[in-house]
Amino acid sequence: MPENNRIDLVELPAADAAALTTAREFYESAFGWTFTAYGEGYADTSDSGVALGLNGSADETQQAAALPVLFVDDLEAARSRVTASGGTIRHDIYGFPGGRRFHFVDPAGNELAVWSHDPAGSTAS
């Protein structure tokens, strides 16, 4: 169960669905991790000790490096706190299967994401 204001998972980028499949097969073979697929572009596991996602969605929200993802109870309030504290929004709030999230860059240049359950129960942004 995700906890408010805690890092919930780390995502690793994959260039596309084929690269995601290759990465998934690597981690399954090398470490015995089992993944759950969410369509062709995303899979995750909790076998790694911390939730680990493989993101093969080659769209404008794709990150270039490992991405820490925090969970919050109130996404809009977290977005406001991030900008008030000096963070820069890289990708504004958008929906995905399971919730909504945004990406930001901290003052040191690190990209992170923040997610929450969709209060409407849908995946639309």
# chains A, B, ... in the order shown; residues from 1 in each chain; ligands from 1

$ select_by_dssp --residues "chain A" --states "helix (DSSP H, G or I)" --output "list in words"
Ala17, Ala18, Ala19, Leu20, Thr21, Thr22, Ala23, Arg24, Glu25, Phe26, Tyr27, Glu28, Ser29, Ala30, Phe31, Leu75, Glu76, Ala77, Ala78, Arg79, Ser80, Arg81, Val82, Thr83 and Ala84 of chain A

$ write_last_selection --atoms "C-alpha atoms" --output "CSV table (one decimal), in the first residue's frame"
chain,number,residue,atom,x,y,z
A,17,ALA,CA,8.0,-1.9,-26.2
A,18,ALA,CA,10.7,-4.2,-27.7
A,19,ALA,CA,13.4,-2.8,-25.4
A,20,LEU,CA,11.0,-3.2,-22.4
A,21,THR,CA,10.6,-6.9,-23.3
A,22,THR,CA,14.4,-7.3,-23.5
A,23,ALA,CA,14.9,-5.6,-20.2
A,24,ARG,CA,12.1,-7.6,-18.5
A,25,GLU,CA,13.6,-10.8,-19.8
A,26,PHE,CA,17.0,-9.7,-18.5
A,27,TYR,CA,15.8,-9.0,-14.9
A,28,GLU,CA,13.7,-12.2,-14.9
A,29,SER,CA,16.7,-14.3,-15.9
A,30,ALA,CA,19.4,-12.5,-13.9
A,31,PHE,CA,17.5,-12.0,-10.7
A,75,LEU,CA,-1.8,15.4,-6.3
A,76,GLU,CA,-2.9,19.0,-6.9
A,77,ALA,CA,-1.6,20.1,-3.4
A,78,ALA,CA,1.7,18.3,-4.0
A,79,ARG,CA,2.1,20.1,-7.4
A,80,SER,CA,1.5,23.5,-5.7
A,81,ARG,CA,4.0,22.7,-3.0
A,82,VAL,CA,6.6,21.6,-5.6
A,83,THR,CA,6.3,24.9,-7.5
A,84,ALA,CA,6.2,27.0,-4.4

$ closest_residue --among "A:Ala43, A:Met1, A:Ala64, A:Ile7" --to "Trp115 of chain A" --atoms "only C-alpha atoms"
A:Ile7

$ residues_around --residues "Glu111 of chain A" --least-positions-apart "6" --cutoff "12 Å" --atoms "only C-alpha atoms" --output "list of chain:residue names"
A:Val10, A:Glu11, A:Thr61, A:Gln62, A:Gln63, A:Ala64, A:Ala65, A:Ala66, A:Leu67, A:Pro68, A:Val69, A:Leu70, A:Gly87, A:Thr88, A:Ile89, A:Arg90, A:His91, A:Phe102, A:His103, A:Phe104, A:Val105

$ write_last_selection --atoms "N, CA, C and O atoms" --output "short mmCIF file (atom, residue, chain, number, x, y, z; two decimals), in the first residue's frame"
data_model
loop_
_atom_site.label_atom_id
_atom_site.label_comp_id
_atom_site.auth_asym_id
_atom_site.auth_seq_id
_atom_site.Cartn_x
_atom_site.Cartn_y
_atom_site.Cartn_z
N VAL A 10 10.67 3.11 -8.39
CA VAL A 10 11.67 3.67 -9.28
C VAL A 10 11.38 3.11 -10.66
O VAL A 10 11.17 1.90 -10.81
N GLU A 11 11.34 4.00 -11.66
CA GLU A 11 11.11 3.56 -13.03
C GLU A 11 12.40 3.63 -13.83
O GLU A 11 13.17 4.57 -13.69
N THR A 61 6.32 11.94 -22.16
CA THR A 61 6.57 11.81 -20.72
C THR A 61 7.71 10.84 -20.41
O THR A 61 8.06 10.66 -19.25
N GLN A 62 8.30 10.23 -21.43
CA GLN A 62 9.38 9.26 -21.23
C GLN A 62 10.61 9.95 -20.65
O GLN A 62 11.06 10.97 -21.15
N GLN A 63 11.13 9.42 -19.59
CA GLN A 63 12.31 9.97 -18.95
C GLN A 63 13.58 9.41 -19.60
O GLN A 63 13.54 8.41 -20.28
N ALA A 64 14.72 10.08 -19.36
CA ALA A 64 15.99 9.66 -19.94
C ALA A 64 16.82 8.83 -18.97
O ALA A 64 17.78 8.19 -19.37
N ALA A 65 16.46 8.84 -17.69
CA ALA A 65 17.24 8.14 -16.67
C ALA A 65 16.28 7.52 -15.65
O ALA A 65 15.08 7.71 -15.74
N ALA A 66 16.84 6.82 -14.68
CA ALA A 66 16.01 6.27 -13.61
C ALA A 66 15.19 7.38 -12.97
O ALA A 66 15.67 8.51 -12.81
N LEU A 67 13.95 7.08 -12.65
CA LEU A 67 13.01 8.09 -12.17
C LEU A 67 12.39 7.67 -10.85
O LEU A 67 11.59 6.74 -10.81
N PRO A 68 12.76 8.34 -9.74
CA PRO A 68 12.05 8.08 -8.48
C PRO A 68 10.62 8.61 -8.60
O PRO A 68 10.40 9.70 -9.13
N VAL A 69 9.66 7.84 -8.10
CA VAL A 69 8.26 8.23 -8.18
C VAL A 69 7.68 8.21 -6.76
O VAL A 69 7.70 7.18 -6.09
N LEU A 70 7.18 9.36 -6.32
CA LEU A 70 6.60 9.50 -4.99
C LEU A 70 5.09 9.34 -5.07
O LEU A 70 4.48 9.71 -6.07
N GLY A 87 10.57 24.00 -7.42
CA GLY A 87 10.62 22.97 -8.45
C GLY A 87 9.99 23.47 -9.73
O GLY A 87 9.17 24.39 -9.73
N THR A 88 10.38 22.87 -10.84
CA THR A 88 9.86 23.22 -12.16
C THR A 88 9.08 22.03 -12.71
O THR A 88 9.60 20.91 -12.73
N ILE A 89 7.86 22.27 -13.14
CA ILE A 89 7.03 21.20 -13.71
C ILE A 89 7.56 20.85 -15.09
O ILE A 89 7.68 21.71 -15.95
N ARG A 90 7.89 19.58 -15.29
CA ARG A 90 8.37 19.13 -16.60
C ARG A 90 7.22 18.57 -17.42
O ARG A 90 7.11 18.80 -18.61
N HIS A 91 6.35 17.76 -16.80
CA HIS A 91 5.15 17.23 -17.44
C HIS A 91 4.01 17.44 -16.46
O HIS A 91 4.04 16.90 -15.35
N PHE A 102 2.44 13.74 -12.26
CA PHE A 102 3.19 14.80 -12.93
C PHE A 102 4.66 14.57 -12.68
O PHE A 102 5.05 13.86 -11.76
N HIS A 103 5.51 15.17 -13.55
CA HIS A 103 6.95 15.11 -13.38
C HIS A 103 7.45 16.51 -13.05
O HIS A 103 6.92 17.49 -13.56
N PHE A 104 8.49 16.58 -12.22
CA PHE A 104 9.10 17.87 -11.92
C PHE A 104 10.61 17.72 -11.87
O PHE A 104 11.15 16.62 -11.78
N VAL A 105 11.28 18.87 -11.95
CA VAL A 105 12.73 18.93 -11.81
C VAL A 105 13.02 19.74 -10.56
O VAL A 105 12.50 20.85 -10.40
#

$ closest_residue --among "A:Val72, A:Ala37, A:Ile93, A:Leu12" --to "Gly53 of chain A" --atoms "only C-alpha atoms"
A:Leu12

$ residues_around --residues "Gly99 of chain A" --least-positions-apart "5" --cutoff "7 Å" --atoms "only C-alpha atoms" --output "ChimeraX atom specification"
/A:115-118,123

$ write_last_selection --atoms "N, CA and C atoms" --output "PDB file, in the first residue's frame"
ATOM      1  N   TRP A 115       2.747  10.683  -8.020  1.00  0.00           N
ATOM      2  CA  TRP A 115       1.498  10.080  -8.481  1.00  0.00           C
ATOM      3  C   TRP A 115       0.506   9.967  -7.346  1.00  0.00           C
ATOM      4  N   SER A 116      -0.757   9.807  -7.741  1.00  0.00           N
ATOM      5  CA  SER A 116      -1.842   9.579  -6.809  1.00  0.00           C
ATOM      6  C   SER A 116      -2.913   8.776  -7.523  1.00  0.00           C
ATOM      7  N   HIS A 117      -3.756   8.152  -6.720  1.00  0.00           N
ATOM      8  CA  HIS A 117      -4.922   7.489  -7.290  1.00  0.00           C
ATOM      9  C   HIS A 117      -5.800   8.554  -7.927  1.00  0.00           C
ATOM     10  N   ASP A 118      -6.515   8.200  -8.969  1.00  0.00           N
ATOM     11  CA  ASP A 118      -7.433   9.116  -9.623  1.00  0.00           C
ATOM     12  C   ASP A 118      -8.690   9.204  -8.767  1.00  0.00           C
ATOM     13  N   THR A 123      -8.964   6.982 -15.639  1.00  0.00           N
ATOM     14  CA  THR A 123      -7.560   7.217 -15.949  1.00  0.00           C
ATOM     15  C   THR A 123      -7.383   8.458 -16.803  1.00  0.00           C
TER      16      THR A 123
END

$ atom_distance --atom1 "atom CA of Asp92 of chain A" --atom2 "atom CA of Phe35 of chain A"
27.7 Å

$ select_by_dssp --residues "segment 2-121 of chain A" --states "strand (DSSP E or B)" --output "PyMOL selection string"
chain A and resi 6-13+36-37+42-45+51-55+67-71+88-96+99-105+111-116

$ atom_distance --atom1 "atom CA of Glu3 of chain A" --atom2 "atom CA of Val114 of chain A"
12.0 Å
